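Just below is one structure, and these are the notes that go with it.
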Amino acid sequence: MKEEIWLSLDDLIAQREARRAQERAEEKEARLSKQEEAKQYAAALEAYQLTAEDKDAIMRKIAKAFADGEKELLLFDFPSALCNDDGRRINNSIEGWEATLPGAARRVFEFWRDDLQPRGFRFFARIINYPEGMPGDVGIFFSWPKELEE
């Protein structure tokens, strides 16, 4: 009785190519899904309207950070690609950087400018990471004068 040989190089190559094609398809699907999520996030950030509850929550976060001895509060961050100059003005501290902020960040800035700046608070944005050496996320910060620290 002769043993059956079931293995062939052609079969192995075909299986490997099918597996690679499946992996490429999955990677493409994941990339497209991530792009769609990024678009949805950008649209939501642009459309977001600051509510009275949001303003109250911001003030509570500032009060807690101050009470905890912090020097600043990172309120939130977002990809620098959402700035209309990809974060260039923020990264280089160029005058007018505030105008590059997307929706919700711009509205937080306006809240600070109109309501919190007159009460002594500071506001700034800065690039908080540099993936592959390029500006990554923009952090939106509140701070207060150092002389108020304990």
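Letters A, B, ... mark the chains of the structure tokens in the order given; residue numbers begin at 1 per chain; ligand numbers begin at 1, in order shown.
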Can you list, as a PDB file with N, CA, C and O atoms, in the first residue's frame, every protein, DNA or RNA residue that comes within 9 Å of A:Leu101 when you count only C-alpha atoms, leaving out same-chain residues fewer than 6 positions away?
ATOM      1  N   LEU A  82      -6.899  68.613  12.701  1.00  0.00           N
ATOM      2  CA  LEU A  82      -8.208  69.266  12.696  1.00  0.00           C
ATOM      3  C   LEU A  82      -8.097  70.787  12.739  1.00  0.00           C
ATOM      4  O   LEU A  82      -9.085  71.477  12.500  1.00  0.00           O
ATOM      5  N   CYS A  83      -6.917  71.313  13.032  1.00  0.00           N
ATOM      6  CA  CYS A  83      -6.699  72.759  12.930  1.00  0.00           C
ATOM      7  C   CYS A  83      -6.599  73.100  11.445  1.00  0.00           C
ATOM      8  O   CYS A  83      -6.116  72.294  10.648  1.00  0.00           O
ATOM      9  N   ASN A  84      -7.040  74.304  11.085  1.00  0.00           N
ATOM     10  CA  ASN A  84      -7.028  74.632   9.657  1.00  0.00           C
ATOM     11  C   ASN A  84      -5.629  74.829   9.085  1.00  0.00           C
ATOM     12  O   ASN A  84      -5.481  75.019   7.883  1.00  0.00           O
ATOM     13  N   GLY A  87      -1.999  72.603  12.867  1.00  0.00           N
ATOM     14  CA  GLY A  87      -1.333  72.879  14.136  1.00  0.00           C
ATOM     15  C   GLY A  87      -0.045  73.677  14.017  1.00  0.00           C
ATOM     16  O   GLY A  87       0.660  73.877  15.005  1.00  0.00           O
ATOM     17  N   ARG A 107     -14.801  77.247  20.726  1.00  0.00           N
ATOM     18  CA  ARG A 107     -15.857  77.690  21.646  1.00  0.00           C
ATOM     19  C   ARG A 107     -15.351  77.695  23.099  1.00  0.00           C
ATOM     20  O   ARG A 107     -15.744  78.564  23.884  1.00  0.00           O
ATOM     21  N   PHE A 109     -12.234  78.312  23.870  1.00  0.00           N
ATOM     22  CA  PHE A 109     -11.414  79.528  23.881  1.00  0.00           C
ATOM     23  C   PHE A 109     -12.293  80.762  24.076  1.00  0.00           C
ATOM     24  O   PHE A 109     -11.970  81.648  24.873  1.00  0.00           O
TER      25      PHE A 109
END
For this session: Give the strand (DSSP E) residues of chain A, as DSSP finds them on the backbone, and put them as a list in words.
Result: Glu72, Leu73, Leu74, Leu75, Phe76, Asp77, Phe78, Pro79, Arg122, Phe123, Phe124, Ala125, Arg126, Ile127, Asp137, Val138, Gly139, Ile140, Phe141, Phe142 and Ser143 of chain A
Problem set entry | All residues 12 Å or closer to stretch 28-45 of chain A, only C-alpha atoms, same chain fewer than 6 positions away omitted, as a PyMOL selection string | chain A and resi 21-22+76-84+101-108
Report as a Markdown table the residues of stretch 84-118 of chain A within 10 Å of stretch 51-65 of chain A, each with its shortest atom pair and distance in Å (one decimal), using only C-alpha atoms, ordered by chain and increasing residue number.
| residue | atom | partner | partner_atom | distance |
| --- | --- | --- | --- | --- |
| A:Val108 | CA | A:Lys55 | CA | 8.5 |
| A:Phe111 | CA | A:Lys55 | CA | 7.8 |
| A:Trp112 | CA | A:Lys55 | CA | 9.6 |
| A:Asp115 | CA | A:Lys55 | CA | 9.8 |
| A:Leu116 | CA | A:Met59 | CA | 9.0 |
Exercise. How many Å separate atom CA of A:Phe121 from atom CA of A:Phe142?
Worked result: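 Going from atom CA of A:Phe121 over to atom CA of A:Phe142 covers 6.8 Å.
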Exercise. Interatomic distance between atom CA of A:Glu98 and atom CA of A:Asp85?
Worked result: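 Between atom CA of A:Glu98 and atom CA of A:Asp85 the gap is 11.2 Å.
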